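Novice: Handing over upload-v3.txt, compact mmCIF, C-alpha atoms.
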```txt
# COMPACT_ATOMS: atom_id res chain seq x y z
CA MET A 200 -117.48 13.33 -39.50
CA ILE A 201 -120.00 11.06 -37.82
CA ASP A 202 -118.68 8.65 -35.16
CA GLU A 203 -119.76 5.54 -37.10
CA VAL A 204 -117.07 6.20 -39.74
CA LEU A 205 -113.65 7.60 -38.86
CA TYR A 206 -111.36 9.50 -41.26
CA ASP A 207 -107.63 10.02 -40.81
CA VAL A 208 -104.92 11.10 -43.27
CA ARG A 209 -101.35 9.98 -42.70
CA SER A 210 -98.35 9.43 -44.95
CA GLY A 211 -100.32 10.12 -48.11
CA ALA A 212 -103.20 7.78 -47.34
CA ALA A 213 -106.74 8.42 -46.15
CA TRP A 214 -107.71 5.74 -43.64
CA ILE A 215 -111.47 5.19 -43.50
CA THR A 216 -112.59 3.04 -40.57
CA ILE A 217 -116.07 1.62 -40.07
CA ASN A 218 -116.54 2.18 -36.35
CA ARG A 219 -119.35 -0.10 -35.12
CA PRO A 220 -117.38 -2.96 -33.56
CA GLU A 221 -120.25 -3.76 -31.21
CA ALA A 222 -122.39 -4.54 -34.30
CA ARG A 223 -119.54 -6.16 -36.26
CA ASN A 224 -119.35 -2.95 -38.32
CA ALA A 225 -122.70 -3.61 -39.99
CA LEU A 226 -123.83 -1.15 -42.65
CA ASN A 227 -126.60 0.90 -41.09
CA ALA A 228 -127.72 4.21 -42.58
CA ALA A 229 -125.14 6.23 -40.66
CA VAL A 230 -122.28 4.04 -41.87
CA ARG A 231 -123.46 4.14 -45.48
CA THR A 232 -123.69 7.94 -45.39
CA GLY A 233 -120.32 8.23 -43.69
CA LEU A 234 -118.59 5.98 -46.21
CA LYS A 235 -119.88 8.03 -49.12
CA GLU A 236 -118.75 11.28 -47.51
CA CYS A 237 -115.31 9.88 -46.65
CA PHE A 238 -114.62 8.47 -50.11
CA GLU A 239 -115.64 11.78 -51.70
CA ARG A 240 -113.46 13.66 -49.23
CA ALA A 241 -110.45 11.45 -50.00
CA GLU A 242 -110.93 11.81 -53.74
CA SER A 243 -110.94 15.61 -53.52
CA ASP A 244 -107.95 15.86 -51.16
CA ASP A 245 -104.69 16.57 -53.03
CA GLU A 246 -102.70 15.27 -50.05
CA VAL A 247 -104.24 11.81 -50.47
CA ALA A 248 -102.71 9.37 -52.96
CA VAL A 249 -104.20 6.13 -51.62
CA VAL A 250 -107.40 5.27 -49.74
CA VAL A 251 -107.49 2.51 -47.12
CA LEU A 252 -110.76 1.03 -45.86
CA THR A 253 -110.84 -1.08 -42.70
CA GLY A 254 -113.05 -1.94 -39.75
CA ALA A 255 -112.75 -1.26 -36.04
CA GLY A 256 -112.06 -4.11 -33.65
CA GLU A 257 -110.72 -7.60 -34.31
CA LEU A 258 -113.83 -9.62 -35.17
CA ALA A 259 -115.19 -8.05 -38.34
CA PHE A 260 -114.17 -5.91 -41.27
CA CYS A 261 -117.88 -5.56 -42.02
CA ALA A 262 -120.64 -8.09 -41.38
CA GLY A 263 -122.79 -6.66 -44.20
CA GLY A 264 -126.17 -5.01 -44.06
CA ASP A 265 -127.79 -4.24 -40.74
CA LEU A 266 -130.49 -6.93 -40.74
CA LYS A 267 -132.36 -5.32 -37.82
CA GLU A 268 -132.58 -2.06 -39.76
CA MET A 269 -133.66 -3.94 -42.91
CA ALA A 270 -136.41 -5.70 -40.96
CA SER A 271 -137.66 -2.46 -39.42
CA THR A 272 -137.81 -0.67 -42.78
CA GLY A 273 -139.13 -3.60 -44.84
CA LEU A 274 -136.37 -3.08 -47.39
CA THR A 275 -137.16 -4.71 -50.75
CA ILE A 276 -134.88 -3.93 -53.72
CA PRO A 277 -132.07 -1.63 -52.60
CA PRO A 278 -130.92 0.96 -55.17
CA PRO A 279 -127.41 0.51 -56.60
CA ASP A 280 -126.11 3.31 -54.36
CA PHE A 281 -127.65 1.84 -51.19
CA VAL A 282 -124.10 0.89 -50.18
CA PRO A 283 -121.44 3.16 -51.73
CA GLN A 284 -119.74 1.13 -54.46
CA VAL A 285 -116.36 2.41 -55.61
CA GLY A 286 -116.17 2.02 -59.37
CA ARG A 287 -119.95 1.81 -59.77
CA THR A 288 -121.68 4.57 -57.82
CA LEU A 289 -118.56 6.41 -56.66
CA ASP A 290 -115.72 7.55 -58.89
CA VAL A 291 -112.45 7.22 -56.99
CA SER A 292 -109.39 7.62 -59.23
CA LYS A 293 -106.93 6.77 -56.45
CA PRO A 294 -106.10 3.17 -55.49
CA VAL A 295 -108.34 1.79 -52.76
CA ILE A 296 -106.94 -0.84 -50.40
CA ALA A 297 -109.21 -2.94 -48.19
CA ALA A 298 -107.39 -3.88 -44.97
CA VAL A 299 -109.63 -6.78 -43.96
CA ASN A 300 -109.30 -7.41 -40.24
CA GLY A 301 -112.03 -10.03 -39.78
CA GLY A 302 -115.26 -11.21 -41.34
CA ALA A 303 -116.25 -9.60 -44.66
CA PHE A 304 -119.76 -10.87 -45.28
CA GLY A 305 -122.51 -9.69 -47.63
CA GLY A 306 -122.11 -5.94 -47.93
CA GLY A 307 -118.69 -6.29 -46.34
CA PHE A 308 -117.72 -8.58 -49.20
CA LEU A 309 -119.10 -5.90 -51.53
CA LEU A 310 -116.72 -3.33 -50.04
CA ALA A 311 -113.74 -5.69 -50.34
CA GLN A 312 -114.72 -6.58 -53.91
CA CYS A 313 -114.89 -2.88 -54.84
CA ALA A 314 -111.39 -2.25 -53.50
CA ASP A 315 -108.48 -2.34 -55.93
CA LEU A 316 -106.19 -4.26 -53.58
CA VAL A 317 -106.84 -6.38 -50.49
CA VAL A 318 -104.55 -7.05 -47.53
CA ALA A 319 -106.14 -9.58 -45.21
CA SER A 320 -105.50 -10.72 -41.69
CA GLU A 321 -105.11 -14.48 -41.24
CA THR A 322 -108.36 -14.28 -39.26
CA ALA A 323 -110.32 -12.74 -42.15
CA ARG A 324 -113.21 -14.60 -43.74
CA PHE A 325 -115.12 -13.76 -46.91
CA ALA A 326 -118.69 -14.70 -47.83
CA VAL A 327 -121.56 -13.61 -50.03
CA SER A 328 -124.06 -14.83 -47.45
CA GLU A 329 -127.23 -13.55 -49.13
CA ALA A 330 -128.40 -17.04 -50.09
CA LYS A 331 -128.63 -17.86 -46.38
CA VAL A 332 -130.90 -14.92 -45.59
CA GLY A 333 -133.00 -14.81 -48.76
CA ARG A 334 -131.49 -11.60 -50.07
CA GLY A 335 -129.82 -10.71 -53.38
CA SER A 336 -126.32 -9.81 -54.53
CA PRO A 337 -126.44 -8.08 -57.94
CA TRP A 338 -123.41 -6.11 -56.77
CA ALA A 339 -121.39 -9.35 -56.98
CA ALA A 340 -121.55 -9.29 -60.79
CA PRO A 341 -117.78 -8.52 -61.03
CA LEU A 342 -116.92 -11.59 -58.93
CA PRO A 343 -116.43 -13.98 -61.90
CA TRP A 344 -113.94 -11.42 -63.25
CA LEU A 345 -112.02 -11.33 -59.98
CA VAL A 346 -111.91 -15.11 -59.45
CA PRO A 347 -112.54 -18.17 -61.66
CA PRO A 348 -116.25 -18.60 -62.50
CA ARG A 349 -116.62 -21.89 -60.64
CA ILE A 350 -115.15 -20.35 -57.50
CA ALA A 351 -117.58 -17.44 -57.85
CA MET A 352 -120.44 -19.90 -58.32
CA GLU A 353 -119.52 -21.81 -55.17
CA ILE A 354 -119.23 -18.63 -53.10
CA LEU A 355 -122.63 -17.39 -54.31
CA VAL A 356 -124.75 -20.55 -54.16
CA THR A 357 -123.42 -21.92 -50.86
CA GLY A 358 -123.15 -18.68 -48.94
CA ASP A 359 -120.32 -20.34 -47.03
CA ALA A 360 -117.29 -18.36 -45.94
CA ILE A 361 -113.82 -18.91 -47.34
CA THR A 362 -110.64 -18.32 -45.37
CA ALA A 363 -108.13 -15.59 -46.05
CA GLN A 364 -105.69 -18.20 -47.32
CA ARG A 365 -108.27 -19.62 -49.76
CA ALA A 366 -109.11 -16.08 -50.90
CA TYR A 367 -105.41 -15.56 -51.56
CA GLU A 368 -105.14 -18.83 -53.50
CA VAL A 369 -107.99 -17.87 -55.86
CA GLY A 370 -106.73 -14.32 -56.37
CA LEU A 371 -109.29 -12.40 -54.33
CA VAL A 372 -106.65 -11.22 -51.85
CA ASN A 373 -103.19 -9.80 -52.54
CA ARG A 374 -101.52 -10.49 -49.21
CA VAL A 375 -102.31 -12.45 -46.04
CA VAL A 376 -100.54 -11.46 -42.83
CA PRO A 377 -100.85 -12.18 -39.09
CA ALA A 378 -103.53 -10.05 -37.47
CA ALA A 379 -101.00 -8.06 -35.47
CA GLN A 380 -99.19 -7.08 -38.69
CA LEU A 381 -102.21 -5.96 -40.74
CA VAL A 382 -101.72 -2.21 -40.29
CA GLU A 383 -97.96 -2.44 -40.77
CA ALA A 384 -98.31 -4.51 -43.96
CA THR A 385 -100.94 -2.15 -45.33
CA GLU A 386 -98.77 0.87 -44.55
CA ALA A 387 -95.86 -0.76 -46.41
CA LEU A 388 -98.05 -1.26 -49.48
CA VAL A 389 -99.28 2.33 -49.21
CA ALA A 390 -95.70 3.62 -49.01
CA THR A 391 -94.73 1.74 -52.17
CA ILE A 392 -97.65 3.23 -54.10
CA VAL A 393 -97.24 6.75 -52.70
CA ALA A 394 -93.59 6.78 -53.82
CA ASN A 395 -94.64 6.24 -57.45
CA ALA A 396 -95.72 8.82 -60.02
CA PRO A 397 -99.37 9.63 -59.22
CA LEU A 398 -100.48 10.05 -62.84
CA SER A 399 -99.01 6.65 -63.72
CA VAL A 400 -100.67 5.01 -60.72
CA ARG A 401 -104.12 6.38 -61.55
CA ALA A 402 -103.78 5.54 -65.24
CA ALA A 403 -102.79 1.98 -64.32
CA LYS A 404 -105.96 1.66 -62.25
CA ARG A 405 -108.08 3.00 -65.10
CA MET A 406 -106.51 0.60 -67.59
CA VAL A 407 -107.13 -2.50 -65.49
CA TYR A 408 -110.85 -1.75 -65.35
CA ALA A 409 -111.03 -0.56 -68.97
CA VAL A 410 -109.72 -3.94 -70.11
CA ALA A 411 -112.70 -5.59 -68.43
CA GLU A 412 -115.03 -3.47 -70.58
CA HIS A 413 -113.40 -4.30 -73.95
CA GLY A 414 -112.18 -7.10 -76.16
CA ARG A 415 -108.43 -7.47 -76.71
CA SER A 416 -108.02 -5.08 -79.66
CA ALA A 417 -110.31 -2.43 -78.22
CA ALA A 418 -108.48 -2.73 -74.89
CA PHE A 419 -105.22 -1.70 -76.58
CA ASP A 420 -106.93 1.37 -78.06
CA ALA A 421 -108.43 2.30 -74.69
CA ALA A 422 -105.05 1.87 -73.00
CA GLU A 423 -103.33 4.15 -75.53
CA SER A 424 -105.90 6.86 -74.79
CA ILE A 425 -105.53 6.44 -71.03
CA TRP A 426 -101.73 6.63 -71.07
CA ALA A 427 -101.26 9.46 -73.61
CA PRO A 428 -101.64 12.27 -71.02
CA VAL A 429 -99.14 10.48 -68.79
CA TYR A 430 -96.50 10.38 -71.54
CA LEU A 431 -97.08 14.10 -72.15
CA SER A 432 -96.83 15.08 -68.48
CA GLU A 433 -93.99 16.86 -66.69
CA ASP A 434 -93.59 13.81 -64.48
CA ALA A 435 -92.79 11.69 -67.54
CA GLN A 436 -89.72 13.86 -68.05
CA GLU A 437 -88.87 14.08 -64.36
CA GLY A 438 -88.61 10.29 -63.92
CA PRO A 439 -85.83 9.66 -66.47
CA ARG A 440 -84.10 12.90 -65.46
CA ALA A 441 -84.03 11.87 -61.80
CA PHE A 442 -82.66 8.45 -62.77
CA ALA A 443 -79.90 10.04 -64.83
CA GLU A 444 -79.05 12.41 -61.97
CA LYS A 445 -79.14 9.57 -59.39
CA ARG A 446 -81.74 11.21 -57.16
CA ARG A 447 -85.32 10.58 -56.06
CA PRO A 448 -87.92 11.98 -58.47
CA GLN A 449 -89.99 14.92 -57.36
CA TRP A 450 -93.46 14.16 -58.64
CA GLN A 451 -95.78 17.08 -59.42
CA GLY A 452 -98.82 15.14 -60.59
CA ARG A 453 -98.86 17.04 -63.83
```
Rewrite the structure from the file as structure tokens, please.
Specialist:
Amino acid sequence: MIDEVLYDVRSGAAWITINRPEARNALNAAVRTGLKECFERAESDDEVAVVVLTGAGELAFCAGGDLKEMASTGLTIPPPDFVPQVGRTLDVSKPVIAAVNGGAFGGGFLLAQCADLVVASETARFAVSEAKVGRGSPWAAPLPWLVPPRIAMEILVTGDAITAQRAYEVGLVNRVVPAAQLVEATEALVATIVANAPLSVRAAKRMVYAVAEHGRSAAFDAAESIWAPVYLSEDAQEGPRAFAEKRRPQWQGR
């Protein structure tokens, strides 16, 4: 794996780290390629139940696109897969956690938005800063689904950063912790998810996003279809059996 993106599997989680701290982990071509390869690798690895994305260093999770690279290439309209977007250009069935260790601006905000869960350091900041540099953010279309529309509007039209605490208050972030506890808190969340039935976890993720695609009645129908294979799985029998026998379930993922 290229040095700009690091990949490590431990305790059921694939940790993907953007490794350009000297450039605030900006998304140059090498990072974009590395992210795509790492997400695909994690999705295909049976030992991985959760994916964690973070940035190297203490200053930035990801400062967004590499503006020097953009200037040198004369980038106009980037294709949708210019930056790997989980749930749009990449299909990752496993929960993705963004462990945000600093600034998440522009494309860094994109990566945090694409994650299923966000654990943020108290030092984290979030901004869709494109309005300040004359660029676009079509990838931020899900933002009014993640937060109230007027909050999304403010973030987009001002380009100003919001704190981790404010992001937590509006529902963009799940947990805010001291910087020194970010890895520990993320590992605790990973452990909770890894201990659960994998088919149930992945179906839950699918249902949350399916609801966004449907009205209320259609959402119920979609949810029934998503959960049917889970009910019919071996794990669905193992869970109640383990409870009755007062032991930990042994999940098979089937």
Novice: Please measure the separation of CA of Arg415 (chain A) and CA of Ile350 (chain A), giving the value in Å to one decimal.
Specialist: 24.1 Å
Novice: Pick out the closest residue to Val332 (chain A) from this set: A:Thr362, A:Thr357, A:Asn395, A:Asn224. Count only C-alpha atoms.
Specialist: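 Between A:Thr362, A:Thr357, A:Asn395, A:Asn224, the residue approaching Val332 (chain A) most closely is A:Thr357.
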Novice: Write out as a list in words each polymer residue whose atoms come within 8 Å of region 220-222 of chain A, counting all atoms listed in the file; drop sequence neighbours fewer than 5 positions from it.
Specialist: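 Contacts, with the query itself left out: Gly254, Ala255, Gly256, Leu258 and Ala259 of chain A.
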Novice: Which residue is closest to Phe260 (chain A)? Choose from A:Gly335, A:Gly307, A:Pro448, A:Pro439 and count all atoms listed in the file.
Specialist: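 Among the listed residues, A:Gly307 lies closest to Phe260 (chain A).
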Novice: For Leu371 (chain A), work out the shell of residues within 10 Å, counting only C-alpha atoms and skipping chain neighbours fewer than 5 positions away, then give it as number ranges by chain.
Specialist: A: 311-312, 316-318, 325, 342, 345-347, 363-366
Novice: Export C-alpha atoms of the chosen residues as a short mmCIF file (atom, residue, chain, number, x, y, z; two decimals), in the frame of the given file?
Specialist:
```cif
data_model
loop_
_atom_site.label_atom_id
_atom_site.label_comp_id
_atom_site.auth_asym_id
_atom_site.auth_seq_id
_atom_site.Cartn_x
_atom_site.Cartn_y
_atom_site.Cartn_z
CA ALA A 311 -113.74 -5.69 -50.34
CA GLN A 312 -114.72 -6.58 -53.91
CA LEU A 316 -106.19 -4.26 -53.58
CA VAL A 317 -106.84 -6.38 -50.49
CA VAL A 318 -104.55 -7.05 -47.53
CA PHE A 325 -115.12 -13.76 -46.91
CA LEU A 342 -116.92 -11.59 -58.93
CA LEU A 345 -112.02 -11.33 -59.98
CA VAL A 346 -111.91 -15.11 -59.45
CA PRO A 347 -112.54 -18.17 -61.66
CA ALA A 363 -108.13 -15.59 -46.05
CA GLN A 364 -105.69 -18.20 -47.32
CA ARG A 365 -108.27 -19.62 -49.76
CA ALA A 366 -109.11 -16.08 -50.90
#
```
Novice: Between CA of Glu433 (chain A) and CA of Gln449 (chain A), what is the distance, to one decimal in Å?
Specialist: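 About the pair CA of Glu433 (chain A) and CA of Gln449 (chain A): they are 10.3 Å apart.
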Novice: Write out as number ranges by chain which residues come within 9 Å of Thr322 (chain A) when counting only C-alpha atoms, dropping same-chain ones fewer than 2 positions away.
Specialist: A: 257-258, 299-302, 319-320, 324, 362-363, 377-378
